[in-house]
Amino acid sequence: MGGKNAERDVSLETGRAVAGALRELGHDVTEVDVDSNLPLALESVRPQAAFMALHGRGGEDGTVQGLLEIMRIPYTGCGVLASAVTIDKVVTKELLAFHGIPVIEDVVLERKYSHSDIKAVSEQPGYPVMVKPACEGSSIGITRVDSDEGLEPALKTVFERDDRALVERFVEGRLLTVGVLGNEPVALPVLEIMPREGFYDYNAKYNPGMTDYEVPAKLDPEVSSAARRISLESFKILSCEGVSRIDLMLEDVTGMLYVLEVNTIPGMTASSLLPKAALAIGMSFHEVVSVILASARLKIDLAW
C-alpha cells in the first residue's frame, strides 16, 4: 500500500480498508508502506501472501509483482505481464484493437513533438479531444482540449508526468465501468458514473458529492450484456486475473461501446466502484476481499 507516486493517498485508503477487512476475517495482517526498502520489509515479514493495494506506478505496473515473484511470495491479482501492459493506455488499446475490441481513435505525441503534430490533431482525430498521460491513473493529468491553442498547455501538463501523451477523440456519452472478479472471472453489474459537472477527473472521483453513481446502470439489456461481455473479453485478452475494473464509454450518437482503460488494482474501500457493483448482487465488502485474497499465487515458475 502507499508508494511514492501521485496515487499514494488513494492507495493508503485502499490498504487500510482491506487490512481492516482481513483482520475482521481472522487473518494476521502487516501493513507495508512501499518504498525503496520494500525487499528488506518483505524479508522481515515473510508473508504467506501479499494483498496488492498499490495504485499507479511502482505497484500497479508490474514492478512490485516482479519482486514478489523473485522472492517467491504469492500475491493477489494480475501478474507481471498484465500489470505492465495495462498501466500503459497506449499499449492496452493497441492490443485490444488487434483483437477486435472497440477503442476510441487517437494519436500519440511524444516530448519532441512538432508543429506538424499539433496540426495533425486538428485533422485526425479532430477537436475536441481528451489529452491523457499514457501511464497515469485516477484521471491525473487529463485535460479536455477544444483547439490548437489549448493543446500545448495540456501537453505540458502531461509531460510533467509522462513521456507520451494519448490524444483521443472526445466522445459525448455515458461513462460506465465493469468489475471482473474471481479465479473463474465473472463480470459484475454495470455501474454508471455521472459527474455533476465537467468530466470524471481526480476531483470528481475523490471529493464527496461531486459524482453520482448508479448500479445496475439503467441500460437496455442488450447494452448491459455487451458491456459485461466486452469487459470480460478484455480481461482475458490482457491476461488479467483475480480482479480488474474495465472503464467504458457508451457514445450517445452511435450507441457504440468503447473500452477506455483497464485497472488491475481498482480502489477497494467500501465506497469504491468495484465493491459498489459487488454489493448490487449481494456481495459484502468482506466477501469481495476474500475472493481477491483467494487469487493469490505465483504466476511465474522459477527454478529456485
# chains A, B, ... in the order shown; residues from 1 in each chain; ligands from 1
$ residues_around --residues "Val131 (chain A)" --least-positions-apart "5" --cutoff "6 Å" --atoms "only C-alpha atoms" --output "list in words"
Ile142, Thr143, Leu166 and Val167 of chain A
$ residues_around --residues "Cys135 (chain A)" --least-positions-apart "4" --cutoff "10 Å" --atoms "only C-alpha atoms" --output "CSV table (one decimal) with all heavy atoms, in the first residue's frame"
chain,number,residue,atom,x,y,z
A,56,GLY,N,-1.2,2.8,-9.4
A,56,GLY,CA,-0.3,3.6,-10.2
A,56,GLY,C,1.1,3.0,-10.4
A,56,GLY,O,1.3,1.8,-10.1
A,57,ARG,N,2.0,3.8,-10.7
A,57,ARG,CA,3.4,3.3,-11.0
A,57,ARG,C,4.1,2.9,-9.7
A,57,ARG,O,3.8,3.4,-8.6
A,57,ARG,CB,4.2,4.5,-11.6
A,57,ARG,CG,3.7,5.0,-12.9
A,57,ARG,CD,4.6,6.0,-13.5
A,57,ARG,NE,3.9,6.8,-14.5
A,57,ARG,CZ,4.6,7.5,-15.4
A,57,ARG,NH1,5.9,7.6,-15.3
A,57,ARG,NH2,3.9,8.2,-16.3
A,61,ASP,N,2.1,-1.5,-11.9
A,61,ASP,CA,2.8,-1.6,-13.2
A,61,ASP,C,3.7,-2.8,-13.4
A,61,ASP,O,4.4,-2.9,-14.4
A,61,ASP,CB,3.6,-0.3,-13.5
A,61,ASP,CG,4.7,-0.1,-12.4
A,61,ASP,OD1,4.8,-1.0,-11.5
A,61,ASP,OD2,5.4,0.8,-12.5
A,84,ALA,N,2.1,-4.7,-16.3
A,84,ALA,CA,3.0,-3.9,-17.1
A,84,ALA,C,2.2,-3.4,-18.4
A,84,ALA,O,2.4,-2.2,-18.8
A,84,ALA,CB,4.2,-4.6,-17.5
A,85,VAL,N,1.4,-4.2,-19.0
A,85,VAL,CA,0.7,-3.8,-20.2
A,85,VAL,C,-0.4,-2.8,-19.9
A,85,VAL,O,-0.5,-1.8,-20.5
A,85,VAL,CB,0.1,-5.1,-20.9
A,85,VAL,CG1,-0.9,-4.7,-21.9
A,85,VAL,CG2,1.2,-5.9,-21.5
A,86,THR,N,-1.2,-3.1,-18.9
A,86,THR,CA,-2.4,-2.3,-18.6
A,86,THR,C,-2.1,-0.9,-18.0
A,86,THR,O,-2.9,0.0,-18.1
A,86,THR,CB,-3.4,-3.0,-17.7
A,86,THR,OG1,-2.8,-3.4,-16.5
A,86,THR,CG2,-4.0,-4.3,-18.4
A,87,ILE,N,-1.0,-0.8,-17.4
A,87,ILE,CA,-0.6,0.6,-16.9
A,87,ILE,C,-0.4,1.5,-18.0
A,87,ILE,O,-0.5,2.8,-17.9
A,87,ILE,CB,0.7,0.5,-16.0
A,87,ILE,CG1,0.8,1.8,-15.1
A,87,ILE,CG2,1.9,0.3,-16.8
A,87,ILE,CD1,-0.2,1.9,-14.0
A,88,ASP,N,-0.1,1.0,-19.2
A,88,ASP,CA,0.2,1.8,-20.4
A,88,ASP,C,-1.1,1.8,-21.3
A,88,ASP,O,-1.4,0.8,-21.9
A,88,ASP,CB,1.4,1.2,-21.2
A,88,ASP,CG,1.9,2.1,-22.3
A,88,ASP,OD1,1.0,2.6,-23.0
A,88,ASP,OD2,3.1,2.2,-22.4
A,89,LYS,N,-1.8,2.9,-21.3
A,89,LYS,CA,-3.0,3.0,-22.0
A,89,LYS,C,-2.8,2.8,-23.5
A,89,LYS,O,-3.7,2.3,-24.2
A,89,LYS,CB,-3.7,4.4,-21.8
A,89,LYS,CG,-4.2,4.6,-20.4
A,89,LYS,CD,-4.8,6.0,-20.2
A,89,LYS,CE,-5.2,6.3,-18.8
A,89,LYS,NZ,-4.1,6.5,-17.9
A,90,VAL,N,-1.7,3.3,-24.0
A,90,VAL,CA,-1.4,3.1,-25.5
A,90,VAL,C,-1.3,1.7,-25.9
A,90,VAL,O,-1.9,1.2,-26.8
A,90,VAL,CB,-0.1,3.9,-25.8
A,90,VAL,CG1,0.2,3.7,-27.3
A,90,VAL,CG2,-0.3,5.4,-25.6
A,91,VAL,N,-0.4,0.9,-25.1
A,91,VAL,CA,-0.2,-0.5,-25.4
A,91,VAL,C,-1.5,-1.3,-25.2
A,91,VAL,O,-1.9,-2.2,-26.0
A,91,VAL,CB,0.9,-1.1,-24.6
A,91,VAL,CG1,1.0,-2.6,-24.8
A,91,VAL,CG2,2.2,-0.4,-24.9
A,140,ILE,N,-5.5,11.5,-13.3
A,140,ILE,CA,-4.5,12.5,-13.1
A,140,ILE,C,-3.9,13.0,-14.4
A,140,ILE,O,-3.6,12.3,-15.3
A,140,ILE,CB,-3.4,12.0,-12.2
A,140,ILE,CG1,-3.9,11.7,-10.8
A,140,ILE,CG2,-2.2,12.9,-12.1
A,140,ILE,CD1,-3.0,10.9,-9.9
A,158,VAL,N,0.8,16.9,-19.3
A,158,VAL,CA,1.1,15.5,-19.4
A,158,VAL,C,2.6,15.3,-19.3
A,158,VAL,O,3.1,14.3,-18.5
A,158,VAL,CB,0.6,15.0,-20.8
A,158,VAL,CG1,1.2,13.6,-21.1
A,158,VAL,CG2,-0.9,14.9,-20.8
A,161,ARG,N,4.6,14.5,-16.2
A,161,ARG,CA,4.4,13.2,-15.5
A,161,ARG,C,4.8,12.0,-16.4
A,161,ARG,O,5.0,10.9,-15.9
A,161,ARG,CB,2.9,13.0,-15.2
A,161,ARG,CG,2.4,14.1,-14.2
A,161,ARG,CD,0.9,13.9,-13.9
A,161,ARG,NE,0.4,14.9,-13.0
A,161,ARG,CZ,0.6,14.8,-11.7
A,161,ARG,NH1,1.2,13.8,-11.2
A,161,ARG,NH2,0.1,15.7,-10.9
A,162,ASP,N,4.8,12.2,-17.7
A,162,ASP,CA,5.0,11.1,-18.6
A,162,ASP,C,5.8,11.5,-19.9
A,162,ASP,O,5.9,12.7,-20.1
A,162,ASP,CB,3.6,10.6,-19.0
A,162,ASP,CG,3.5,9.1,-19.4
A,162,ASP,OD1,4.5,8.7,-20.0
A,162,ASP,OD2,2.5,8.5,-19.0
A,163,ASP,N,6.2,10.5,-20.6
A,163,ASP,CA,7.0,10.8,-21.8
A,163,ASP,C,6.1,10.8,-23.1
A,163,ASP,O,6.5,11.2,-24.1
A,163,ASP,CB,8.1,9.8,-22.0
A,163,ASP,CG,9.2,9.9,-21.0
A,163,ASP,OD1,9.4,11.1,-20.6
A,163,ASP,OD2,9.8,8.9,-20.6
A,164,ARG,N,4.9,10.3,-22.9
A,164,ARG,CA,3.9,10.2,-24.0
A,164,ARG,C,2.6,10.7,-23.6
A,164,ARG,O,2.1,10.5,-22.5
A,164,ARG,CB,3.8,8.8,-24.5
A,164,ARG,CG,5.1,8.2,-25.2
A,164,ARG,CD,4.9,6.7,-25.4
A,164,ARG,NE,4.8,6.1,-24.1
A,164,ARG,CZ,4.0,5.0,-23.9
A,164,ARG,NH1,3.4,4.4,-24.9
A,164,ARG,NH2,3.9,4.5,-22.7
A,165,ALA,N,1.9,11.4,-24.6
A,165,ALA,CA,0.6,11.9,-24.4
A,165,ALA,C,-0.4,11.1,-25.3
A,165,ALA,O,-0.1,11.0,-26.5
A,165,ALA,CB,0.5,13.4,-24.7
A,166,LEU,N,-1.5,10.6,-24.8
A,166,LEU,CA,-2.5,10.0,-25.5
A,166,LEU,C,-3.6,11.0,-25.8
A,166,LEU,O,-4.2,11.6,-24.9
A,166,LEU,CB,-3.1,8.8,-24.7
A,166,LEU,CG,-4.2,8.0,-25.4
A,166,LEU,CD1,-3.8,7.3,-26.7
A,166,LEU,CD2,-4.8,7.0,-24.4
$ select_by_dssp --residues "region 126-165 of chain A" --states "strand (DSSP E or B)" --output "list in words"
Val129, Met130, Val131, Lys132, Pro133, Thr143, Arg144, Val145, Arg164 and Ala165 of chain A
$ write_last_selection --atoms "N, CA, C and O atoms" --output "PDB file, in the first residue's frame"
ATOM      1  N   VAL A 129     -10.747  17.029 -28.054  1.00  0.00           N
ATOM      2  CA  VAL A 129     -10.004  15.814 -27.711  1.00  0.00           C
ATOM      3  C   VAL A 129      -9.791  15.761 -26.208  1.00  0.00           C
ATOM      4  O   VAL A 129      -9.875  16.774 -25.506  1.00  0.00           O
ATOM      5  N   MET A 130      -9.492  14.563 -25.726  1.00  0.00           N
ATOM      6  CA  MET A 130      -9.055  14.365 -24.349  1.00  0.00           C
ATOM      7  C   MET A 130      -7.567  14.031 -24.386  1.00  0.00           C
ATOM      8  O   MET A 130      -7.143  13.131 -25.124  1.00  0.00           O
ATOM      9  N   VAL A 131      -6.788  14.763 -23.607  1.00  0.00           N
ATOM     10  CA  VAL A 131      -5.335  14.566 -23.563  1.00  0.00           C
ATOM     11  C   VAL A 131      -4.982  13.920 -22.231  1.00  0.00           C
ATOM     12  O   VAL A 131      -5.326  14.451 -21.173  1.00  0.00           O
ATOM     13  N   LYS A 132      -4.288  12.779 -22.298  1.00  0.00           N
ATOM     14  CA  LYS A 132      -4.032  11.984 -21.100  1.00  0.00           C
ATOM     15  C   LYS A 132      -2.572  11.538 -21.058  1.00  0.00           C
ATOM     16  O   LYS A 132      -1.990  11.232 -22.110  1.00  0.00           O
ATOM     17  N   PRO A 133      -1.988  11.426 -19.864  1.00  0.00           N
ATOM     18  CA  PRO A 133      -0.708  10.724 -19.760  1.00  0.00           C
ATOM     19  C   PRO A 133      -0.903   9.251 -20.129  1.00  0.00           C
ATOM     20  O   PRO A 133      -1.943   8.659 -19.819  1.00  0.00           O
ATOM     21  N   THR A 143      -6.906  16.450 -19.543  1.00  0.00           N
ATOM     22  CA  THR A 143      -7.469  17.748 -19.935  1.00  0.00           C
ATOM     23  C   THR A 143      -8.333  17.573 -21.180  1.00  0.00           C
ATOM     24  O   THR A 143      -7.963  16.847 -22.105  1.00  0.00           O
ATOM     25  N   ARG A 144      -9.481  18.267 -21.186  1.00  0.00           N
ATOM     26  CA  ARG A 144     -10.254  18.370 -22.436  1.00  0.00           C
ATOM     27  C   ARG A 144      -9.735  19.585 -23.198  1.00  0.00           C
ATOM     28  O   ARG A 144      -9.549  20.666 -22.627  1.00  0.00           O
ATOM     29  N   VAL A 145      -9.507  19.400 -24.507  1.00  0.00           N
ATOM     30  CA  VAL A 145      -8.956  20.463 -25.348  1.00  0.00           C
ATOM     31  C   VAL A 145      -9.879  20.669 -26.542  1.00  0.00           C
ATOM     32  O   VAL A 145     -10.290  19.708 -27.198  1.00  0.00           O
ATOM     33  N   ARG A 164       4.858  10.300 -22.910  1.00  0.00           N
ATOM     34  CA  ARG A 164       3.942  10.223 -24.048  1.00  0.00           C
ATOM     35  C   ARG A 164       2.569  10.736 -23.648  1.00  0.00           C
ATOM     36  O   ARG A 164       2.117  10.526 -22.521  1.00  0.00           O
ATOM     37  N   ALA A 165       1.921  11.397 -24.595  1.00  0.00           N
ATOM     38  CA  ALA A 165       0.561  11.886 -24.390  1.00  0.00           C
ATOM     39  C   ALA A 165      -0.382  11.129 -25.326  1.00  0.00           C
ATOM     40  O   ALA A 165      -0.127  11.024 -26.528  1.00  0.00           O
TER      41      ALA A 165
END
$ residues_around --residues "Leu25 (chain A)" --least-positions-apart "2" --cutoff "10 Å" --atoms "only C-alpha atoms" --output "list in words"
Ala19, Gly20, Ala21, Leu22, Arg23, His27, Asp28, His286, Glu287, Val289 and Ser290 of chain A
$ residues_around --residues "Met256 (chain A)" --least-positions-apart "6" --cutoff "9 Å" --atoms "only C-alpha atoms" --output "list in words"
Pro102, Met249 and Leu250 of chain A
$ closest_residue --among "A:Ala296, A:Val171, A:Val190, A:Leu12" --to "Thr254 (chain A)" --atoms "only C-alpha atoms"
A:Val171
$ closest_residue --among "A:Ala53, A:Leu238, A:Leu42, A:Ala82" --to "Thr269 (chain A)" --atoms "only C-alpha atoms"
A:Ala53
$ residues_around --residues "Ala294 (chain A)" --least-positions-apart "4" --cutoff "10 Å" --atoms "only C-alpha atoms" --output "JSON, numbers by chain"
{"A": [49, 51, 75, 76, 77, 182, 183, 242, 288, 289, 290]}
$ closest_residue --among "A:Ser244, A:Lys236, A:Asp212, A:Phe199" --to "Ser271 (chain A)" --atoms "only C-alpha atoms"
A:Asp212
$ residues_around --residues "Pro39 (chain A)" --least-positions-apart "3" --cutoff "9 Å" --atoms "only C-alpha atoms" --output "list of chain:residue names"
A:Ser36, A:Leu42, A:Glu43, A:Ser44, A:Leu67, A:Leu68, A:Met71
$ write_last_selection --atoms "C-alpha atoms" --output "mmCIF file, in the first residue's frame"
data_model
loop_
_atom_site.group_PDB
_atom_site.id
_atom_site.type_symbol
_atom_site.label_atom_id
_atom_site.label_comp_id
_atom_site.auth_asym_id
_atom_site.auth_seq_id
_atom_site.Cartn_x
_atom_site.Cartn_y
_atom_site.Cartn_z
ATOM 1 C CA SER A 36 12.927 1.567 -1.643
ATOM 2 C CA LEU A 42 9.192 -8.294 2.881
ATOM 3 C CA GLU A 43 12.140 -10.388 4.028
ATOM 4 C CA SER A 44 11.416 -9.368 7.613
ATOM 5 C CA LEU A 67 9.904 -8.510 -6.935
ATOM 6 C CA LEU A 68 7.320 -10.784 -5.318
ATOM 7 C CA MET A 71 11.120 -13.512 -3.532
#
$ closest_residue --among "A:Leu188, A:Ile101, A:Ile73, A:Met1" --to "Gly282 (chain A)" --atoms "only C-alpha atoms"
A:Leu188
